[in-house]
Amino acid sequence: MADEPRLLISIAAYFENDKPGGIGFILPRKHFGEKLDMLTTSIANAMLEYDRAAREQGEAAMVEDLEGQLREMAKYPDPDIGLVIIAMSNIHWLETRGHLQPDNFNGMLFQYASF
């Protein structure tokens, strides 16, 4: 099963999506095509930058900064793709570093199709 070809078909990210002011985004392949793979690279690159920033300013300050950015982004009713990528990067970093516990309303979801 692990060696079967896979195709990324969507990326979803949620932050406090069960509360007023929470956010959620879904980027499906049918709308983004091959750009979806490029977007995952953008998120991975942001993760490296966030790690560097966390070492410089401290983990707690980084968490506060990223969560504050997410709460500000939630105020935009129709964010552009650049803002969505920043939000997804923030959510992914917070989750992978243990500062955001994934559940139905928080965290990242990478959906693949195997064939």
# chains A, B, ... in the order shown; residues from 1 in each chain; ligands from 1
$ residues_around --residues "A:Leu8" --least-positions-apart "2" --cutoff "7 Å" --atoms "only C-alpha atoms" --output "PDB file with N, CA and C atoms, in the first residue's frame"
ATOM      1  N   ARG A   6       0.255   7.852  -5.488  1.00  0.00           N
ATOM      2  CA  ARG A   6      -0.764   8.684  -4.833  1.00  0.00           C
ATOM      3  C   ARG A   6      -0.828  10.030  -5.528  1.00  0.00           C
ATOM      4  N   SER A  10      -6.563  17.305  -2.357  1.00  0.00           N
ATOM      5  CA  SER A  10      -6.972  18.538  -1.679  1.00  0.00           C
ATOM      6  C   SER A  10      -6.133  18.752  -0.424  1.00  0.00           C
ATOM      7  N   GLN A 111      -5.436  15.304   1.598  1.00  0.00           N
ATOM      8  CA  GLN A 111      -6.230  14.192   1.092  1.00  0.00           C
ATOM      9  C   GLN A 111      -5.609  13.668  -0.194  1.00  0.00           C
ATOM     10  N   TYR A 112      -5.355  12.364  -0.198  1.00  0.00           N
ATOM     11  CA  TYR A 112      -4.721  11.717  -1.356  1.00  0.00           C
ATOM     12  C   TYR A 112      -5.653  10.667  -1.940  1.00  0.00           C
ATOM     13  N   ALA A 113      -5.486  10.416  -3.215  1.00  0.00           N
ATOM     14  CA  ALA A 113      -6.136   9.296  -3.893  1.00  0.00           C
ATOM     15  C   ALA A 113      -5.033   8.329  -4.280  1.00  0.00           C
TER      16      ALA A 113
END
$ closest_atom_pairs --of "stretch 11-82 of chain A" --to "stretch 86-104 of chain A" --cutoff "6 Å" --atoms "only C-alpha atoms" --output "Markdown table"
| residue | atom | partner | partner_atom | distance |
| --- | --- | --- | --- | --- |
| A:Ala13 | CA | A:Met88 | CA | 5.7 |
| A:Ile43 | CA | A:Ser89 | CA | 5.1 |
| A:Leu66 | CA | A:Asn90 | CA | 5.8 |
$ atom_distance --atom1 "atom CA of A:Pro28" --atom2 "atom CA of A:Ile9"
6.0 Å
$ select_by_dssp --residues "chain A" --states "alpha helix (DSSP H)" --output "number ranges by chain"
A: 29-32, 35-57, 59-73, 81-96
$ write_last_selection --atoms "C-alpha atoms" --output "CSV table (one decimal), in the first residue's frame"
chain,number,residue,atom,x,y,z
A,29,ARG,CA,-7.1,19.9,-7.1
A,30,LYS,CA,-10.0,20.5,-9.4
A,31,HIS,CA,-9.6,24.3,-8.9
A,32,PHE,CA,-5.8,24.4,-8.6
A,35,LYS,CA,-0.4,24.3,-8.8
A,36,LEU,CA,-1.6,22.4,-5.7
A,37,ASP,CA,1.8,20.6,-5.6
A,38,MET,CA,3.5,24.0,-5.8
A,39,LEU,CA,1.4,25.2,-2.9
A,40,THR,CA,2.6,22.3,-0.7
A,41,THR,CA,6.2,23.4,-1.5
A,42,SER,CA,5.3,26.9,-0.4
A,43,ILE,CA,4.0,25.6,2.9
A,44,ALA,CA,7.1,23.4,3.4
A,45,ASN,CA,9.4,26.4,2.7
A,46,ALA,CA,7.4,28.5,5.2
A,47,MET,CA,7.9,25.8,7.8
A,48,LEU,CA,11.6,26.1,7.5
A,49,GLU,CA,11.4,29.9,7.8
A,50,TYR,CA,9.1,29.6,10.9
A,51,ASP,CA,11.6,27.2,12.5
A,52,ARG,CA,14.3,29.8,12.0
A,53,ALA,CA,12.1,32.6,13.4
A,54,ALA,CA,11.1,30.4,16.4
A,55,ARG,CA,14.8,29.8,17.3
A,56,GLU,CA,15.5,33.6,17.1
A,57,GLN,CA,12.4,35.0,18.9
A,59,GLU,CA,8.8,29.3,20.6
A,60,ALA,CA,6.2,31.0,22.8
A,61,ALA,CA,6.5,34.3,21.0
A,62,MET,CA,6.3,32.5,17.6
A,63,VAL,CA,3.1,30.7,18.7
A,64,GLU,CA,1.5,34.0,19.8
A,65,ASP,CA,2.5,35.7,16.6
A,66,LEU,CA,1.1,33.0,14.3
A,67,GLU,CA,-2.1,32.7,16.3
A,68,GLY,CA,-2.6,36.4,16.2
A,69,GLN,CA,-2.1,36.4,12.4
A,70,LEU,CA,-4.7,33.7,12.0
A,71,ARG,CA,-7.2,35.7,14.1
A,72,GLU,CA,-6.5,38.8,11.9
A,73,MET,CA,-6.9,36.7,8.7
A,81,ILE,CA,-4.4,32.7,-2.3
A,82,GLY,CA,-1.3,34.3,-0.8
A,83,LEU,CA,-3.1,34.9,2.5
A,84,VAL,CA,-4.6,31.4,2.4
A,85,ILE,CA,-1.1,29.9,2.0
A,86,ILE,CA,0.2,31.9,4.9
A,87,ALA,CA,-2.8,30.8,7.0
A,88,MET,CA,-2.2,27.1,6.0
A,89,SER,CA,1.5,27.5,6.8
A,90,ASN,CA,0.7,28.9,10.2
A,91,ILE,CA,-1.7,26.1,11.0
A,92,HIS,CA,0.6,23.4,9.8
A,93,TRP,CA,3.5,24.8,11.9
A,94,LEU,CA,1.4,25.1,15.0
A,95,GLU,CA,0.1,21.6,14.6
A,96,THR,CA,3.4,19.9,13.8
$ atom_distance --atom1 "atom CA of A:Asp3" --atom2 "atom CA of A:Leu27"
25.1 Å
$ select_by_dssp --residues "chain A" --states "strand (DSSP E)" --output "PyMOL selection string"
chain A and resi 6-15+23-28+107-114
$ residues_around --residues "A:Phe105" --least-positions-apart "2" --cutoff "10 Å" --atoms "only C-alpha atoms" --output "ChimeraX atom specification"
/A:13-19,22-24,101-103,107-108
$ atom_distance --atom1 "atom CA of A:Asp78" --atom2 "atom CA of A:Gly33"
20.6 Å
$ decode --residues "stretch 1-46 of chain A" --atoms "N, CA and C atoms" --output "mmCIF file, in the first residue's frame"
data_model
loop_
_atom_site.group_PDB
_atom_site.id
_atom_site.type_symbol
_atom_site.label_atom_id
_atom_site.label_comp_id
_atom_site.auth_asym_id
_atom_site.auth_seq_id
_atom_site.Cartn_x
_atom_site.Cartn_y
_atom_site.Cartn_z
ATOM 1 N N MET A 1 0.822 -1.200 0.000
ATOM 2 C CA MET A 1 0.000 0.000 0.000
ATOM 3 C C MET A 1 0.861 1.257 0.000
ATOM 4 N N ALA A 2 1.967 1.263 0.748
ATOM 5 C CA ALA A 2 2.815 2.454 0.838
ATOM 6 C C ALA A 2 3.493 2.767 -0.489
ATOM 7 N N ASP A 3 3.685 1.757 -1.333
ATOM 8 C CA ASP A 3 4.367 1.978 -2.606
ATOM 9 C C ASP A 3 3.418 2.323 -3.750
ATOM 10 N N GLU A 4 2.120 2.340 -3.486
ATOM 11 C CA GLU A 4 1.159 2.671 -4.528
ATOM 12 C C GLU A 4 1.266 4.142 -4.895
ATOM 13 N N PRO A 5 1.103 4.451 -6.181
ATOM 14 C CA PRO A 5 1.105 5.873 -6.577
ATOM 15 C C PRO A 5 -0.037 6.616 -5.893
ATOM 16 N N ARG A 6 0.255 7.852 -5.488
ATOM 17 C CA ARG A 6 -0.764 8.684 -4.833
ATOM 18 C C ARG A 6 -0.828 10.030 -5.528
ATOM 19 N N LEU A 7 -1.986 10.609 -5.496
ATOM 20 C CA LEU A 7 -2.198 11.937 -6.057
ATOM 21 C C LEU A 7 -2.838 12.807 -4.990
ATOM 22 N N LEU A 8 -2.215 13.940 -4.690
ATOM 23 C CA LEU A 8 -2.803 14.889 -3.746
ATOM 24 C C LEU A 8 -4.039 15.496 -4.388
ATOM 25 N N ILE A 9 -5.194 15.340 -3.732
ATOM 26 C CA ILE A 9 -6.425 15.871 -4.336
ATOM 27 C C ILE A 9 -6.989 17.082 -3.603
ATOM 28 N N SER A 10 -6.563 17.305 -2.357
ATOM 29 C CA SER A 10 -6.972 18.538 -1.679
ATOM 30 C C SER A 10 -6.133 18.752 -0.424
ATOM 31 N N ILE A 11 -6.074 20.024 -0.024
ATOM 32 C CA ILE A 11 -5.451 20.417 1.231
ATOM 33 C C ILE A 11 -6.502 21.235 1.983
ATOM 34 N N ALA A 12 -6.680 20.935 3.249
ATOM 35 C CA ALA A 12 -7.605 21.701 4.076
ATOM 36 C C ALA A 12 -6.883 22.137 5.344
ATOM 37 N N ALA A 13 -7.251 23.294 5.850
ATOM 38 C CA ALA A 13 -6.664 23.815 7.082
ATOM 39 C C ALA A 13 -7.755 24.519 7.886
ATOM 40 N N TYR A 14 -7.740 24.281 9.197
ATOM 41 C CA TYR A 14 -8.744 24.860 10.081
ATOM 42 C C TYR A 14 -8.086 25.386 11.346
ATOM 43 N N PHE A 15 -8.597 26.515 11.830
ATOM 44 C CA PHE A 15 -8.140 27.085 13.097
ATOM 45 C C PHE A 15 -9.353 27.637 13.821
ATOM 46 N N GLU A 16 -9.695 27.013 14.946
ATOM 47 C CA GLU A 16 -10.852 27.441 15.750
ATOM 48 C C GLU A 16 -12.087 27.627 14.872
ATOM 49 N N ASN A 17 -12.280 26.712 13.939
ATOM 50 C CA ASN A 17 -13.364 26.835 12.964
ATOM 51 C C ASN A 17 -14.743 26.586 13.567
ATOM 52 N N ASP A 18 -14.797 26.175 14.815
ATOM 53 C CA ASP A 18 -16.066 25.977 15.502
ATOM 54 C C ASP A 18 -16.488 27.207 16.301
ATOM 55 N N LYS A 19 -15.703 28.278 16.208
ATOM 56 C CA LYS A 19 -15.971 29.488 16.985
ATOM 57 C C LYS A 19 -16.121 30.687 16.058
ATOM 58 N N PRO A 20 -16.842 31.716 16.493
ATOM 59 C CA PRO A 20 -16.848 32.957 15.712
ATOM 60 C C PRO A 20 -15.408 33.460 15.591
ATOM 61 N N GLY A 21 -15.014 33.863 14.416
ATOM 62 C CA GLY A 21 -13.656 34.324 14.203
ATOM 63 C C GLY A 21 -12.692 33.220 13.825
ATOM 64 N N GLY A 22 -13.166 31.982 13.745
ATOM 65 C CA GLY A 22 -12.321 30.884 13.294
ATOM 66 C C GLY A 22 -12.235 30.887 11.776
ATOM 67 N N ILE A 23 -11.325 30.087 11.250
ATOM 68 C CA ILE A 23 -11.166 30.043 9.794
ATOM 69 C C ILE A 23 -11.017 28.602 9.312
ATOM 70 N N GLY A 24 -11.349 28.419 8.071
ATOM 71 C CA GLY A 24 -11.168 27.130 7.419
ATOM 72 C C GLY A 24 -11.021 27.330 5.926
ATOM 73 N N PHE A 25 -10.101 26.590 5.331
ATOM 74 C CA PHE A 25 -9.858 26.688 3.892
ATOM 75 C C PHE A 25 -9.723 25.288 3.316
ATOM 76 N N ILE A 26 -10.227 25.099 2.122
ATOM 77 C CA ILE A 26 -10.023 23.859 1.384
ATOM 78 C C ILE A 26 -9.555 24.237 -0.006
ATOM 79 N N LEU A 27 -8.425 23.671 -0.417
ATOM 80 C CA LEU A 27 -7.903 23.897 -1.761
ATOM 81 C C LEU A 27 -7.986 22.585 -2.529
ATOM 82 N N PRO A 28 -8.992 22.423 -3.392
ATOM 83 C CA PRO A 28 -9.120 21.179 -4.152
ATOM 84 C C PRO A 28 -8.322 21.209 -5.453
ATOM 85 N N ARG A 29 -7.819 20.063 -5.858
ATOM 86 C CA ARG A 29 -7.054 19.947 -7.101
ATOM 87 C C ARG A 29 -7.892 20.377 -8.296
ATOM 88 N N LYS A 30 -9.194 20.132 -8.264
ATOM 89 C CA LYS A 30 -10.019 20.477 -9.432
ATOM 90 C C LYS A 30 -9.992 21.978 -9.721
ATOM 91 N N HIS A 31 -9.668 22.803 -8.723
ATOM 92 C CA HIS A 31 -9.573 24.254 -8.939
ATOM 93 C C HIS A 31 -8.138 24.730 -9.124
ATOM 94 N N PHE A 32 -7.191 23.976 -8.602
ATOM 95 C CA PHE A 32 -5.801 24.433 -8.620
ATOM 96 C C PHE A 32 -4.887 23.576 -9.488
ATOM 97 N N GLY A 33 -5.342 22.388 -9.884
ATOM 98 C CA GLY A 33 -4.560 21.525 -10.761
ATOM 99 C C GLY A 33 -3.167 21.282 -10.218
ATOM 100 N N GLU A 34 -2.183 21.347 -11.099
ATOM 101 C CA GLU A 34 -0.793 21.084 -10.721
ATOM 102 C C GLU A 34 -0.246 22.138 -9.755
ATOM 103 N N LYS A 35 -0.884 23.299 -9.698
ATOM 104 C CA LYS A 35 -0.439 24.331 -8.756
ATOM 105 C C LYS A 35 -0.553 23.852 -7.313
ATOM 106 N N LEU A 36 -1.424 22.877 -7.073
ATOM 107 C CA LEU A 36 -1.597 22.358 -5.716
ATOM 108 C C LEU A 36 -0.275 21.800 -5.188
ATOM 109 N N ASP A 37 0.481 21.123 -6.044
ATOM 110 C CA ASP A 37 1.778 20.593 -5.631
ATOM 111 C C ASP A 37 2.742 21.735 -5.301
ATOM 112 N N MET A 38 2.689 22.809 -6.073
ATOM 113 C CA MET A 38 3.529 23.980 -5.812
ATOM 114 C C MET A 38 3.154 24.615 -4.466
ATOM 115 N N LEU A 39 1.874 24.621 -4.160
ATOM 116 C CA LEU A 39 1.420 25.200 -2.897
ATOM 117 C C LEU A 39 1.962 24.410 -1.713
ATOM 118 N N THR A 40 2.055 23.092 -1.843
ATOM 119 C CA THR A 40 2.621 22.299 -0.748
ATOM 120 C C THR A 40 4.094 22.639 -0.558
ATOM 121 N N THR A 41 4.787 22.934 -1.642
ATOM 122 C CA THR A 41 6.194 23.357 -1.545
ATOM 123 C C THR A 41 6.281 24.696 -0.833
ATOM 124 N N SER A 42 5.363 25.599 -1.128
ATOM 125 C CA SER A 42 5.345 26.901 -0.442
ATOM 126 C C SER A 42 5.143 26.730 1.056
ATOM 127 N N ILE A 43 4.259 25.826 1.436
ATOM 128 C CA ILE A 43 4.016 25.563 2.851
ATOM 129 C C ILE A 43 5.273 24.981 3.498
ATOM 130 N N ALA A 44 5.918 24.039 2.818
ATOM 131 C CA ALA A 44 7.146 23.429 3.353
ATOM 132 C C ALA A 44 8.240 24.475 3.533
ATOM 133 N N ASN A 45 8.387 25.372 2.569
ATOM 134 C CA ASN A 45 9.389 26.440 2.681
ATOM 135 C C ASN A 45 9.079 27.370 3.849
ATOM 136 N N ALA A 46 7.806 27.675 4.036
ATOM 137 C CA ALA A 46 7.406 28.531 5.164
ATOM 138 C C ALA A 46 7.733 27.850 6.490
#
